[in-house]
Amino acid sequence: MSLFTVVQISDMHLDPQPGQCETCFDEIRTRIDAEGPDLVVVTGDVSADGHIHSGMFDRVKSQLDLFSVPVHVIPGNHDVGDKRGEKHEVKPEYLEKWKATFKSDRFHVRRDGWRLIGINTQVLGSSFYEEAEQFAWFDDILTAAESRHDQVAIFLHAAPYLDKPDETLSGPSQYWGFDPTPRGELLERLDRPSVKLVANGHLHWHRILERNGVTHVWCPSTSFVVDDAIFPDGGAVVGFVKYEFNLNGVTSKLVSLDTDPKTVVAFRRTVELPGQAPITLARLVLDMNGTTSQDGKLLPGVADRIRELATRIRITVLTADTFGLAESSWAHLPVHVEIIKTGNDKRKRIEELGVQSLVAIGNGRNDVEMVKAAAIGIAVIGPEGASGELLRCADVVTNSIDDALDLVAKPTRLKATLRD
């Protein structure tokens, strides 16, 4: 049986203009009240850069104060600044501005054999005295929890890691992660046996991951979706998460908001063509047999190119799986594989994915409708040849899959080919 319930909301990005906070927060508060939580936790980015807008924190707090249950808040990068080294990095004066309104940038609640701990991830790696002070405070609570056999839930703004604790993020996607030293110091504490839940915001994407007896939750934003190619498929939702805490652990439930969310496509390449709007390359859809493989086996060079491309574009493979090797061929590559039987089915699927920012690559007759519908359609003359009908409707024709994938990796080549 549930001992108590908590709702986590994150990344509201409330507008600095007076009056707009009330309008955009009414629906969220109504939906949360309907869930009847005992506590509300807000994991950062309550504001749209409140550290540089006068009076914004006060307006946001006035809305949070309307909840009928206690609310605990920690700041995010849009509240007190990004991690050190970023363009708009955290500063002591930003922290003081936050504390002038919210009193603290962390929290600790003890209830029914649980410790709920909220920490300010923005000071990690800052070398500010607040960083060492927070770690000492954190350690004291964890030690006390273990001595009393309390279970621990930790709430943060930034995620400790996206996929693996020892991952190395590259390129623009480093924005989401910690530098190695502060991440290591944080993970030492998250690995304590009393820790059962680690819940973050920041990513504007939803995910639940179980690892070593700990539930990791990415709480979505209540305002908009951010789609980075390195995020796993399926998290594009706006809403909040409800937790039920009990003696045996904690369960979570996503509560989505009834809106058509705005999606910001992050860190993608763009093709600029004369006479039309720039095309953001958000998703790559590949045929398998004859395009990326021969006799069901991936062609040389494909795997390495896919690994590199996947850091900047989300990749889906649509295949009839003639040889039954799709699952094993792509198992260790960052792609999503779907079994699609006909050309019309391929077209319908890419329409669901969003053709306006999609590149499609194929070689066969059943790729015609997909290639025609895509923002950019590429035909490959591979070792198994290519459909004449496909060659006539493609935007670009290449002699190999390597050349086709390189066009996506270096879109200036596409510009050179497709300009008037």
# chains A, B, ... in the order shown; residues from 1 in each chain; ligands from 1
$ residues_around --residues "Gly81 of chain A" --least-positions-apart "4" --cutoff "7 Å" --atoms "only C-alpha atoms" --output "JSON, numbers by chain"
{"A": [77, 88, 89, 90, 91]}
$ select_by_dssp --residues "segment 162-365 of chain A" --states "strand (DSSP E)" --output "number ranges by chain"
A: 195-200, 207-211, 214-218, 225-228, 239-246, 249-256, 263-266, 269-271, 279-281, 283-286, 293-294, 297-298, 314-319, 336-339, 358-362
$ closest_residue --among "A:Leu309, A:Val237, A:Cys219, A:Leu209" --to "Gly171 of chain A" --atoms "only C-alpha atoms"
A:Leu309
$ residues_around --residues "Ile313 of chain A" --least-positions-apart "5" --cutoff "6 Å" --atoms "only C-alpha atoms" --output "list in words"
Ala229, Ala282 and Arg283 of chain A
$ closest_atom_pairs --of "segment 143-216 of chain A" --to "segment 115-122 of chain A" --cutoff "8 Å" --atoms "only C-alpha atoms" --output "tab-separated table"
residue	atom	partner	partner_atom	distance
A:Ala145	CA	A:Arg115	CA	7.0
A:Asp150	CA	A:Arg115	CA	6.6
A:Gln151	CA	A:Arg115	CA	6.2
A:Val152	CA	A:Arg115	CA	4.7
A:Ala153	CA	A:Leu116	CA	4.9
A:Ile154	CA	A:Ile117	CA	4.9
A:Phe155	CA	A:Gly118	CA	4.6
A:Leu156	CA	A:Ile119	CA	5.7
A:His157	CA	A:Thr121	CA	6.2
A:Ala158	CA	A:Thr121	CA	6.2
$ write_last_selection --atoms "N, CA and C atoms" --output "mmCIF file, in the first residue's frame"
data_model
loop_
_atom_site.group_PDB
_atom_site.id
_atom_site.type_symbol
_atom_site.label_atom_id
_atom_site.label_comp_id
_atom_site.auth_asym_id
_atom_site.auth_seq_id
_atom_site.Cartn_x
_atom_site.Cartn_y
_atom_site.Cartn_z
ATOM 1 N N ALA A 145 20.391 8.317 6.845
ATOM 2 C CA ALA A 145 19.395 7.425 6.244
ATOM 3 C C ALA A 145 19.816 5.968 6.398
ATOM 4 N N ASP A 150 16.489 4.016 6.322
ATOM 5 C CA ASP A 150 15.542 4.738 5.477
ATOM 6 C C ASP A 150 15.888 4.528 4.003
ATOM 7 N N GLN A 151 14.869 4.491 3.157
ATOM 8 C CA GLN A 151 15.068 4.491 1.711
ATOM 9 C C GLN A 151 15.192 5.935 1.228
ATOM 10 N N VAL A 152 15.893 6.111 0.105
ATOM 11 C CA VAL A 152 16.230 7.460 -0.353
ATOM 12 C C VAL A 152 15.765 7.679 -1.784
ATOM 13 N N ALA A 153 15.144 8.837 -2.021
ATOM 14 C CA ALA A 153 14.807 9.316 -3.366
ATOM 15 C C ALA A 153 15.531 10.631 -3.594
ATOM 16 N N ILE A 154 16.224 10.729 -4.704
ATOM 17 C CA ILE A 154 17.022 11.927 -4.991
ATOM 18 C C ILE A 154 16.447 12.621 -6.217
ATOM 19 N N PHE A 155 16.211 13.913 -6.082
ATOM 20 C CA PHE A 155 15.680 14.728 -7.175
ATOM 21 C C PHE A 155 16.744 15.735 -7.609
ATOM 22 N N LEU A 156 16.947 15.809 -8.922
ATOM 23 C CA LEU A 156 17.946 16.705 -9.486
ATOM 24 C C LEU A 156 17.369 17.418 -10.704
ATOM 25 N N HIS A 157 18.066 18.441 -11.140
ATOM 26 C CA HIS A 157 17.691 19.025 -12.430
ATOM 27 C C HIS A 157 18.380 18.248 -13.550
ATOM 28 N N ALA A 158 19.698 18.296 -13.619
ATOM 29 C CA ALA A 158 20.423 17.599 -14.677
ATOM 30 C C ALA A 158 20.514 16.117 -14.383
#
$ residues_around --residues "Gly388 of chain A" --least-positions-apart "3" --cutoff "9 Å" --atoms "only C-alpha atoms" --output "PyMOL selection string"
chain A and resi 364-365+391-392
$ residues_around --residues "segment 27-33 of chain A" --least-positions-apart "2" --cutoff "12 Å" --atoms "only C-alpha atoms" --output "MDAnalysis selection string"
chainID A and resid 5:10 12 14 21:25 35:41 63:69 71 221:223 238:242 254:259
$ residues_around --residues "segment 346-352 of chain A" --least-positions-apart "6" --cutoff "9 Å" --atoms "only C-alpha atoms" --output "short mmCIF file (atom, residue, chain, number, x, y, z; two decimals) with N, CA and C atoms, in the first residue's frame"
data_model
loop_
_atom_site.label_atom_id
_atom_site.label_comp_id
_atom_site.auth_asym_id
_atom_site.auth_seq_id
_atom_site.Cartn_x
_atom_site.Cartn_y
_atom_site.Cartn_z
N VAL A 285 15.64 7.73 -42.30
CA VAL A 285 14.97 6.44 -42.44
C VAL A 285 15.67 5.66 -43.54
N LEU A 318 13.47 0.70 -41.77
CA LEU A 318 12.21 0.08 -42.16
C LEU A 318 12.54 -1.03 -43.15
N THR A 319 12.22 -2.24 -42.78
CA THR A 319 12.61 -3.37 -43.62
C THR A 319 11.55 -4.47 -43.60
N ILE A 340 8.40 -3.58 -41.82
CA ILE A 340 7.38 -2.94 -42.67
C ILE A 340 7.31 -3.73 -43.97
N LEU A 358 12.77 14.88 -42.56
CA LEU A 358 13.19 13.49 -42.69
C LEU A 358 13.92 13.24 -44.00
N ALA A 360 15.14 10.08 -46.41
CA ALA A 360 14.89 8.66 -46.65
C ALA A 360 15.87 8.15 -47.69
N ASN A 366 9.83 -0.81 -53.56
CA ASN A 366 8.96 -0.53 -52.41
C ASN A 366 9.47 0.65 -51.58
N ASP A 367 10.53 1.31 -52.03
CA ASP A 367 11.00 2.53 -51.38
C ASP A 367 10.52 3.79 -52.10
N VAL A 368 9.84 3.61 -53.23
CA VAL A 368 9.46 4.77 -54.06
C VAL A 368 8.60 5.75 -53.28
N GLU A 369 7.52 5.27 -52.69
CA GLU A 369 6.59 6.17 -52.00
C GLU A 369 7.26 6.86 -50.82
N MET A 370 8.12 6.14 -50.10
CA MET A 370 8.85 6.72 -48.98
C MET A 370 9.81 7.82 -49.43
N VAL A 371 10.56 7.55 -50.47
CA VAL A 371 11.54 8.52 -50.96
C VAL A 371 10.85 9.76 -51.53
N LYS A 372 9.72 9.56 -52.22
CA LYS A 372 8.97 10.70 -52.76
C LYS A 372 8.41 11.58 -51.65
N ALA A 373 7.95 10.98 -50.55
CA ALA A 373 7.30 11.75 -49.48
C ALA A 373 8.29 12.47 -48.58
N ALA A 374 9.52 11.99 -48.50
CA ALA A 374 10.51 12.56 -47.58
C ALA A 374 10.90 13.97 -48.02
#
$ closest_residue --among "A:Arg183, A:Lys262, A:His332, A:Arg269" --to "Lys83 of chain A" --atoms "only C-alpha atoms"
A:Arg183
$ closest_residue --among "A:His336, A:Arg148, A:Arg192, A:His216" --to "Gly234 of chain A" --atoms "only C-alpha atoms"
A:His336
$ select_by_dssp --residues "segment 123-247 of chain A" --states "alpha helix (DSSP H)" --output "ChimeraX atom specification"
/A:129-147,180-190
$ write_last_selection --atoms "C-alpha atoms" --output "JSON list (two decimals), in the first residue's frame"
[["chain", "number", "residue", "atom", "x", "y", "z"],
["A", 129, "TYR", "CA", 31.89, 27.05, -1.66],
["A", 130, "GLU", "CA", 28.23, 26.03, -2.19],
["A", 131, "GLU", "CA", 29.43, 22.89, -3.98],
["A", 132, "ALA", "CA", 31.49, 21.55, -1.06],
["A", 133, "GLU", "CA", 28.85, 22.66, 1.44],
["A", 134, "GLN", "CA", 26.11, 20.84, -0.46],
["A", 135, "PHE", "CA", 28.13, 17.61, -0.71],
["A", 136, "ALA", "CA", 28.82, 17.69, 3.04],
["A", 137, "TRP", "CA", 25.10, 18.24, 3.72],
["A", 138, "PHE", "CA", 24.22, 15.47, 1.27],
["A", 139, "ASP", "CA", 26.66, 13.04, 2.90],
["A", 140, "ASP", "CA", 25.25, 13.70, 6.36],
["A", 141, "ILE", "CA", 21.72, 12.90, 5.18],
["A", 142, "LEU", "CA", 22.78, 9.71, 3.37],
["A", 143, "THR", "CA", 24.69, 8.52, 6.42],
["A", 144, "ALA", "CA", 21.71, 9.21, 8.68],
["A", 145, "ALA", "CA", 19.39, 7.42, 6.24],
["A", 146, "GLU", "CA", 21.55, 4.31, 6.27],
["A", 147, "SER", "CA", 21.85, 4.28, 10.04],
["A", 180, "PRO", "CA", 33.87, 13.69, -15.48],
["A", 181, "THR", "CA", 35.03, 14.89, -12.05],
["A", 182, "PRO", "CA", 31.74, 16.28, -10.67],
["A", 183, "ARG", "CA", 29.83, 13.39, -12.25],
["A", 184, "GLY", "CA", 32.10, 10.90, -10.50],
["A", 185, "GLU", "CA", 31.58, 12.64, -7.16],
["A", 186, "LEU", "CA", 27.82, 12.60, -7.68],
["A", 187, "LEU", "CA", 27.70, 8.96, -8.76],
["A", 188, "GLU", "CA", 29.61, 7.88, -5.65],
["A", 189, "ARG", "CA", 26.66, 9.13, -3.63],
["A", 190, "LEU", "CA", 23.99, 7.77, -5.94]]
$ atom_distance --atom1 "atom CA of Asp406 of chain A" --atom2 "atom CA of Ser328 of chain A"
24.2 Å
$ atom_distance --atom1 "atom CA of Gln276 of chain A" --atom2 "atom CA of Asp420 of chain A"
11.1 Å
